[in-house]
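Below: final.csv (CSV, C-alpha atoms)
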```csv
chain,number,residue,atom,x,y,z
A,1,MET,CA,0.0,0.0,0.0
A,2,LYS,CA,2.8,2.4,0.9
A,3,ALA,CA,4.6,1.6,-2.4
A,4,LYS,CA,1.5,2.6,-4.3
A,5,ILE,CA,1.5,6.0,-2.6
A,6,TRP,CA,5.3,6.7,-2.9
A,7,ILE,CA,5.6,5.8,-6.6
A,8,PRO,CA,3.2,8.6,-7.8
A,9,MET,CA,4.9,11.0,-5.4
A,10,ALA,CA,8.3,10.1,-6.8
A,11,ILE,CA,7.1,10.7,-10.4
A,12,LEU,CA,5.6,14.1,-9.3
A,13,LEU,CA,8.9,15.1,-7.6
A,14,ALA,CA,10.9,14.2,-10.7
A,15,ALA,CA,8.6,16.3,-12.9
A,16,LEU,CA,9.0,19.2,-10.5
A,17,VAL,CA,12.7,18.9,-10.6
A,18,GLY,CA,12.7,18.8,-14.4
A,19,CYS,CA,10.5,21.9,-14.6
A,20,VAL,CA,12.7,23.9,-12.2
A,21,ALA,CA,15.8,22.9,-14.3
A,22,TRP,CA,14.0,24.0,-17.5
A,23,LEU,CA,13.0,27.4,-15.9
A,24,TYR,CA,16.7,28.0,-14.8
A,25,THR,CA,17.9,27.2,-18.3
A,26,ARG,CA,15.3,29.5,-19.9
A,27,LEU,CA,16.3,32.3,-17.4
A,28,ASP,CA,20.0,32.0,-18.3
A,29,LYS,CA,19.2,32.2,-22.0
A,30,GLN,CA,17.0,35.3,-21.5
A,31,GLN,CA,19.7,37.0,-19.5
A,32,GLU,CA,22.3,36.2,-22.2
A,33,GLU,CA,19.9,37.7,-24.9
A,34,ASN,CA,19.3,40.8,-22.8
A,35,LYS,CA,23.1,41.2,-22.4
A,36,ASN,CA,23.6,41.0,-26.2
A,37,LEU,CA,20.9,43.6,-26.7
A,38,GLN,CA,22.4,45.9,-24.1
A,39,GLU,CA,25.8,45.6,-25.7
A,40,LEU,CA,24.4,46.6,-29.1
A,41,ALA,CA,22.6,49.5,-27.6
A,42,ALA,CA,25.8,50.6,-25.9
A,43,ILE,CA,27.7,50.4,-29.2
A,44,ASP,CA,25.0,52.4,-30.9
A,45,LYS,CA,25.2,55.1,-28.2
A,46,GLN,CA,29.0,55.3,-28.4
A,47,GLU,CA,28.9,55.7,-32.1
A,48,MET,CA,26.4,58.6,-31.7
A,49,GLU,CA,28.7,60.2,-29.2
A,50,ASN,CA,31.7,59.9,-31.5
A,51,GLU,CA,29.7,61.5,-34.4
A,52,TYR,CA,28.5,64.4,-32.2
A,53,THR,CA,32.1,64.9,-31.1
A,54,GLN,CA,33.4,64.8,-34.7
A,55,PHE,CA,30.8,67.4,-35.7
A,56,ALA,CA,31.7,69.7,-32.9
A,57,ASN,CA,35.4,69.5,-33.8
A,58,GLN,CA,34.7,70.1,-37.4
A,59,TYR,CA,32.7,73.2,-36.6
A,60,GLU,CA,35.6,74.5,-34.6
A,61,GLU,CA,38.0,73.8,-37.5
A,62,MET,CA,35.8,75.5,-40.0
A,63,ILE,CA,35.3,78.6,-37.7
A,64,THR,CA,39.1,79.1,-37.6
A,65,LYS,CA,39.4,79.1,-41.4
A,66,ILE,CA,36.4,81.4,-42.3
A,67,SER,CA,36.7,85.2,-42.3
A,68,ASN,CA,33.0,85.8,-43.1
A,69,ASP,CA,31.4,87.0,-39.8
A,70,SER,CA,27.9,85.9,-40.8
A,71,ILE,CA,29.0,82.4,-41.6
A,72,VAL,CA,31.2,82.3,-38.4
A,73,ALA,CA,28.1,83.2,-36.3
A,74,GLN,CA,26.1,80.5,-38.0
A,75,LEU,CA,28.8,77.9,-37.4
A,76,THR,CA,29.2,78.9,-33.8
A,77,ALA,CA,25.5,78.5,-33.1
A,78,GLU,CA,25.5,75.0,-34.7
A,79,GLN,CA,28.6,74.0,-32.8
A,80,GLU,CA,26.9,75.0,-29.5
A,81,LYS,CA,23.8,73.1,-30.4
A,82,THR,CA,25.9,70.0,-31.2
A,83,GLN,CA,27.8,70.3,-27.9
A,84,ARG,CA,24.5,70.6,-26.0
A,85,LEU,CA,23.1,67.5,-27.7
A,86,LEU,CA,26.3,65.6,-27.0
A,87,ALA,CA,26.0,66.5,-23.3
A,88,GLU,CA,22.3,65.3,-23.3
A,89,LEU,CA,23.4,62.0,-25.0
A,90,LYS,CA,26.1,61.4,-22.4
A,91,ARG,CA,23.6,61.8,-19.6
A,92,THR,CA,21.2,59.4,-21.3
A,93,LYS,CA,21.3,55.7,-20.5
A,94,ALA,CA,21.8,53.3,-23.5
A,95,ASP,CA,18.5,51.5,-22.8
A,96,ASP,CA,16.4,54.7,-22.8
A,97,ALA,CA,14.9,53.9,-26.2
A,98,ARG,CA,12.7,57.0,-26.5
A,99,GLU,CA,15.5,59.5,-25.7
A,100,ILE,CA,18.1,57.7,-27.8
A,101,THR,CA,15.6,57.8,-30.8
A,102,ARG,CA,15.1,61.5,-30.3
A,103,LEU,CA,18.8,62.2,-30.2
A,104,LYS,CA,19.4,60.0,-33.2
A,105,LYS,CA,16.9,62.1,-35.1
A,106,GLU,CA,18.8,65.2,-33.9
A,107,LEU,CA,22.0,63.6,-35.1
A,108,ALA,CA,20.6,63.1,-38.6
A,109,THR,CA,19.7,66.8,-38.6
A,110,CYS,CA,23.2,67.8,-37.5
A,111,ARG,CA,24.7,65.6,-40.2
A,112,ALA,CA,22.5,67.3,-42.9
A,113,VAL,CA,23.4,70.8,-41.6
A,114,ILE,CA,27.1,70.2,-41.6
A,115,ARG,CA,26.8,68.6,-45.0
A,116,SER,CA,25.2,71.9,-46.3
A,117,TYR,CA,28.0,73.9,-44.9
A,118,VAL,CA,30.6,71.6,-46.5
A,119,LEU,CA,28.9,72.1,-49.8
A,120,GLU,CA,28.6,75.9,-49.3
A,121,ILE,CA,32.3,76.2,-48.5
A,122,ASP,CA,33.2,74.0,-51.4
A,123,SER,CA,31.1,76.3,-53.6
A,124,LEU,CA,32.9,79.3,-52.3
A,125,ASN,CA,36.2,77.6,-53.1
A,126,ARG,CA,35.2,77.0,-56.7
A,127,LEU,CA,34.0,80.6,-57.0
A,128,ASN,CA,37.5,81.7,-55.8
A,129,GLN,CA,39.2,79.6,-58.5
A,130,ASN,CA,36.9,81.2,-61.2
A,131,LEU,CA,37.7,84.7,-59.9
A,132,VAL,CA,41.5,84.0,-60.1
A,133,ALA,CA,41.0,83.2,-63.8
A,134,GLU,CA,39.3,86.6,-64.5
A,135,ASN,CA,41.1,89.6,-65.8
A,136,THR,CA,42.2,92.5,-63.6
A,137,GLN,CA,39.2,94.6,-64.3
A,138,ILE,CA,36.7,91.9,-63.4
A,139,ARG,CA,38.7,90.9,-60.3
A,140,GLY,CA,38.4,94.4,-59.0
A,141,GLN,CA,34.6,94.1,-59.0
A,142,TYR,CA,34.8,91.0,-56.8
A,143,GLU,CA,37.5,92.2,-54.4
A,144,GLU,CA,35.2,91.8,-51.3
A,145,ALA,CA,34.2,88.3,-52.3
A,146,THR,CA,37.9,87.4,-52.8
A,147,LYS,CA,38.7,88.5,-49.3
A,148,GLN,CA,36.0,86.3,-47.8
A,149,ILE,CA,37.2,83.2,-49.4
A,150,GLU,CA,41.0,83.9,-49.2
A,151,GLY,CA,42.9,80.8,-48.2
A,152,LEU,CA,40.0,78.4,-48.8
A,153,SER,CA,42.0,76.6,-51.5
A,154,THR,CA,44.3,75.2,-48.7
A,155,GLU,CA,41.3,73.5,-47.1
A,156,LYS,CA,40.5,71.3,-50.0
A,157,ALA,CA,42.3,68.3,-48.5
A,158,SER,CA,40.5,68.6,-45.2
A,159,LEU,CA,37.1,69.0,-46.9
A,160,SER,CA,37.5,65.5,-48.4
A,161,GLU,CA,37.4,64.1,-44.9
A,162,LYS,CA,34.3,66.1,-44.0
A,163,VAL,CA,32.6,65.0,-47.2
A,164,ALA,CA,33.2,61.4,-46.3
A,165,ILE,CA,31.3,61.9,-43.0
A,166,ALA,CA,28.6,63.9,-44.7
A,167,ALA,CA,28.2,61.1,-47.3
A,168,GLN,CA,26.8,58.6,-44.8
A,169,LEU,CA,23.4,57.3,-45.8
A,170,ASP,CA,20.2,57.9,-43.8
A,171,ALA,CA,17.2,55.6,-43.8
A,172,THR,CA,13.9,57.4,-43.2
A,173,VAL,CA,10.2,56.6,-43.3
A,174,ILE,CA,10.9,53.2,-41.8
A,175,SER,CA,7.8,50.9,-41.5
A,176,MET,CA,7.2,47.4,-40.4
A,177,THR,CA,4.0,45.6,-41.6
A,178,PRO,CA,3.0,42.1,-40.4
A,179,LYS,CA,0.8,40.3,-42.9
A,180,ASN,CA,-1.6,37.4,-42.4
A,181,LYS,CA,-2.1,34.3,-44.7
A,182,HIS,CA,-4.2,36.5,-47.0
A,183,ASN,CA,-1.3,39.0,-47.4
A,184,LYS,CA,-3.3,41.6,-45.5
A,185,ALA,CA,-1.9,43.8,-42.8
A,186,THR,CA,-2.5,42.7,-39.2
A,187,ASP,CA,-1.4,43.9,-35.8
A,188,LYS,CA,-1.7,40.4,-34.3
A,189,MET,CA,1.6,38.6,-34.3
A,190,ASP,CA,0.0,35.2,-33.8
A,191,LYS,CA,-1.7,35.7,-37.2
A,192,CYS,CA,1.4,36.9,-38.9
A,193,LYS,CA,2.8,34.8,-41.9
A,194,SER,CA,5.2,37.4,-43.4
A,195,ILE,CA,6.7,40.8,-42.5
A,196,GLN,CA,7.3,43.7,-44.8
A,197,VAL,CA,9.9,46.3,-43.9
A,198,SER,CA,10.0,49.4,-46.0
A,199,PHE,CA,12.2,52.5,-45.8
A,200,THR,CA,13.6,55.3,-47.9
A,201,ILE,CA,17.3,56.0,-48.4
A,202,ALA,CA,17.4,59.8,-48.2
A,203,LYS,CA,18.8,62.0,-51.0
A,204,ASN,CA,22.5,62.7,-50.5
A,205,VAL,CA,24.4,64.1,-53.4
A,206,THR,CA,27.7,63.7,-51.6
A,207,ALA,CA,27.3,59.9,-51.2
A,208,ARG,CA,29.0,57.5,-53.5
A,209,SER,CA,26.7,56.1,-56.2
A,210,GLY,CA,26.4,52.4,-57.1
A,211,MET,CA,25.0,49.2,-55.7
A,212,LYS,CA,24.4,49.2,-52.0
A,213,THR,CA,23.7,46.2,-49.8
A,214,CYS,CA,21.0,47.0,-47.2
A,215,TYR,CA,20.9,44.7,-44.2
A,216,VAL,CA,17.6,44.7,-42.2
A,217,ARG,CA,17.7,43.3,-38.6
A,218,ILE,CA,14.4,42.7,-36.8
A,219,THR,CA,14.8,42.1,-33.0
A,220,SER,CA,12.0,40.5,-31.1
A,221,PRO,CA,10.7,41.6,-27.7
A,222,THR,CA,12.9,38.9,-26.2
A,223,GLY,CA,16.0,40.3,-27.8
A,224,THR,CA,16.6,37.7,-30.4
A,225,THR,CA,17.1,38.4,-34.1
A,226,LEU,CA,14.3,37.0,-36.3
A,227,GLY,CA,15.2,34.7,-39.2
A,228,ASN,CA,18.7,34.0,-40.6
A,229,GLY,CA,19.3,36.3,-43.5
A,230,GLY,CA,23.1,36.0,-43.2
A,231,SER,CA,25.7,38.1,-41.4
A,232,PHE,CA,27.7,41.3,-41.9
A,233,SER,CA,30.4,43.3,-40.2
A,234,TYR,CA,29.6,46.2,-37.9
A,235,GLU,CA,31.9,47.9,-35.4
A,236,ASN,CA,34.5,45.1,-35.7
A,237,ARG,CA,31.8,42.5,-34.9
A,238,THR,CA,29.9,40.0,-37.1
A,239,ILE,CA,26.2,40.2,-36.5
A,240,THR,CA,23.2,38.5,-38.1
A,241,CYS,CA,20.4,40.0,-40.1
A,242,THR,CA,16.8,39.1,-40.9
A,243,MET,CA,17.0,39.9,-44.6
A,244,LYS,CA,19.2,41.9,-47.0
A,245,LYS,CA,18.7,43.6,-50.4
A,246,GLU,CA,20.9,44.9,-53.1
A,247,VAL,CA,19.9,48.5,-54.1
A,248,GLU,CA,21.2,50.7,-56.9
A,249,TYR,CA,21.7,54.2,-55.3
A,250,GLY,CA,22.4,57.3,-57.4
A,251,GLY,CA,22.3,60.0,-54.7
A,252,GLN,CA,18.6,60.5,-55.0
A,253,GLU,CA,15.8,59.5,-52.7
A,254,THR,CA,15.4,55.7,-53.1
A,255,PRO,CA,12.5,53.6,-51.7
A,256,VAL,CA,13.3,50.1,-50.5
A,257,THR,CA,11.0,47.2,-49.6
A,258,THR,CA,12.0,43.9,-48.1
A,259,TYR,CA,10.0,40.8,-47.1
A,260,TRP,CA,10.6,38.0,-44.6
A,261,ASN,CA,8.5,34.8,-44.5
A,262,VAL,CA,7.8,33.9,-40.8
A,263,THR,CA,9.7,30.7,-39.8
A,264,GLN,CA,9.2,30.9,-36.1
A,265,ALA,CA,6.6,31.6,-33.5
A,266,LEU,CA,6.1,35.3,-32.8
A,267,VAL,CA,4.8,37.0,-29.7
A,268,GLY,CA,3.2,40.4,-29.0
A,269,GLY,CA,5.4,43.2,-27.8
A,270,THR,CA,7.9,45.8,-29.1
A,271,TYR,CA,10.0,44.9,-32.1
A,272,GLN,CA,13.1,46.9,-33.2
A,273,VAL,CA,14.0,47.4,-36.8
A,274,SER,CA,17.6,48.3,-37.5
A,275,ILE,CA,19.0,49.1,-41.0
A,276,PHE,CA,22.7,48.9,-41.9
A,277,ALA,CA,24.6,49.9,-45.1
A,278,ASP,CA,28.2,50.6,-45.9
A,279,GLY,CA,29.2,49.3,-42.4
A,280,GLN,CA,27.0,52.0,-40.7
A,281,LEU,CA,23.7,51.9,-38.8
A,282,ILE,CA,21.7,54.2,-41.1
A,283,GLY,CA,18.3,54.0,-39.3
A,284,SER,CA,16.2,52.3,-36.7
A,285,LYS,CA,12.7,52.4,-35.3
A,286,SER,CA,10.6,50.5,-32.7
A,287,PHE,CA,7.1,49.0,-33.4
A,288,ALA,CA,4.6,47.6,-30.9
A,289,PHE,CA,2.2,44.8,-31.8
A,290,LYS,CA,-0.4,42.7,-30.0
```

Show me the file's structure as structure tokens.
Amino acid sequence: MKAKIWIPMAILLAALVGCVAWLYTRLDKQQEENKNLQELAAIDKQEMENEYTQFANQYEEMITKISNDSIVAQLTAEQEKTQRLLAELKRTKADDAREITRLKKELATCRAVIRSYVLEIDSLNRLNQNLVAENTQIRGQYEEATKQIEGLSTEKASLSEKVAIAAQLDATVISMTPKNKHNKATDKMDKCKSIQVSFTIAKNVTARSGMKTCYVRITSPTGTTLGNGGSFSYENRTITCTMKKEVEYGGQETPVTTYWNVTQALVGGTYQVSIFADGQLIGSKSFAFK
């Protein structure tokens, strides 16, 4: 009689031990995934800090080379704004997604502004070269303009470096659309059979034209990367992506659409879409689904 009682109790105890072991294993895996996500966020934040610092230094360099008071005042104002945003970024934690997203948008604006100044200074430099070729009578009419751009020809080499930074691509209008078996949009992830990610590579006349490989990385609410679309190098690391697409870019605004057929169970929550090209993170956005 006692044996009949102890045998079920032993089976129940063994099942409980197995369940506890599975829970500990799942917790360790979740902690590892969270650690990887935090490391990527820290890398992204450090890259933003580096760019803000570069922009502030470039403004300082340009200010020392320009004699036009109006342009100097504009450059000084933009430099102070960049330094203020850098200070805000340093005070922000890497896992503060909302604040990091805001500062990333500000960074894209700063990049566009400094790109415009690079182009303006380069335009002044070409104007100076044209003035040098004019005869003495014509040069007299442009004497004031010549004074403003005097010495800019010596800056041509350093401008190349600035153009390289300004040439970084930007992904805008990012969208993530889960679709059901009828290829209709749905906000319920348990009904999702495919995911469409669309974005636009912004116009950038300073960027190098040609074929670009765009890597799309979708991170689930648990921190894992969806799918297995291959891998690529980023910040001296090899990371995986959900999907990738070859795009011909000619410096103009270029729309891009990618698709991923669901191959794993999806859960409701916040998904992060990150887009990479030319070894750079060119855009990211979060999406919440049921």

Just give me the gap between CA of Val118 in chain A and CA of Ala166 in chain A in Å, one decimal is fine.
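For CA of Val118 in chain A relative to CA of Ala166 in chain A, the distance reads 8.2 Å.
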
Would you pick out the contacts of Ser274 in chain A at 12 Å or less, using all atoms listed in the file, so that residues sharing its chain but fewer than 3 positions from it are not included, and give the list as number ranges by chain?
A: 40-41, 44, 101, 170-172, 174-176, 197-199, 214-220, 225-226, 239-244, 271, 277, 280-287

note - CA of Leu85 in chain A and CA of Ile114 in chain A are separated by 14.7 Å

Spatial neighbours of Ile100 in chain A, 8 Å, all atoms listed in the file, chain gap at least 5 places, as a ChimeraX atom specification
/A:45,89,92,94-95

Could you dump the residues just selected with C-alpha atoms as a PDB file, keeping the file's coordinate frame?
```
ATOM      1  CA  LYS A  45      25.200  55.100 -28.200  1.00  0.00           C
ATOM      2  CA  LEU A  89      23.400  62.000 -25.000  1.00  0.00           C
ATOM      3  CA  THR A  92      21.200  59.400 -21.300  1.00  0.00           C
ATOM      4  CA  ALA A  94      21.800  53.300 -23.500  1.00  0.00           C
ATOM      5  CA  ASP A  95      18.500  51.500 -22.800  1.00  0.00           C
TER       6      ASP A  95
END
```

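You will find CA of Tyr52 in chain A at 19.3 Å from CA of Asn204 in chain A.
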
Would you list the contacts of Ala56 in chain A as a PyMOL selection string, taking every protein, DNA or RNA residue within 12 Å and counting only C-alpha atoms, but skipping same-chain residues closer than 4 positions in sequence?
chain A and resi 49-52+60-63+75-87+107+110-111+114+162

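Here the question is which of A:Thr263, A:Thr64, A:Ser233, A:Gln58 gets nearest to Ser194 in chain A using all atoms listed in the file, and that residue is A:Thr263.
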
Here is a test: counting only C-alpha atoms, which residue of A:Arg237, A:Leu266, A:Thr257, A:Ala185 is nearest to Thr224 in chain A?
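Counting only C-alpha atoms, the residue closest to Thr224 in chain A is A:Leu266.
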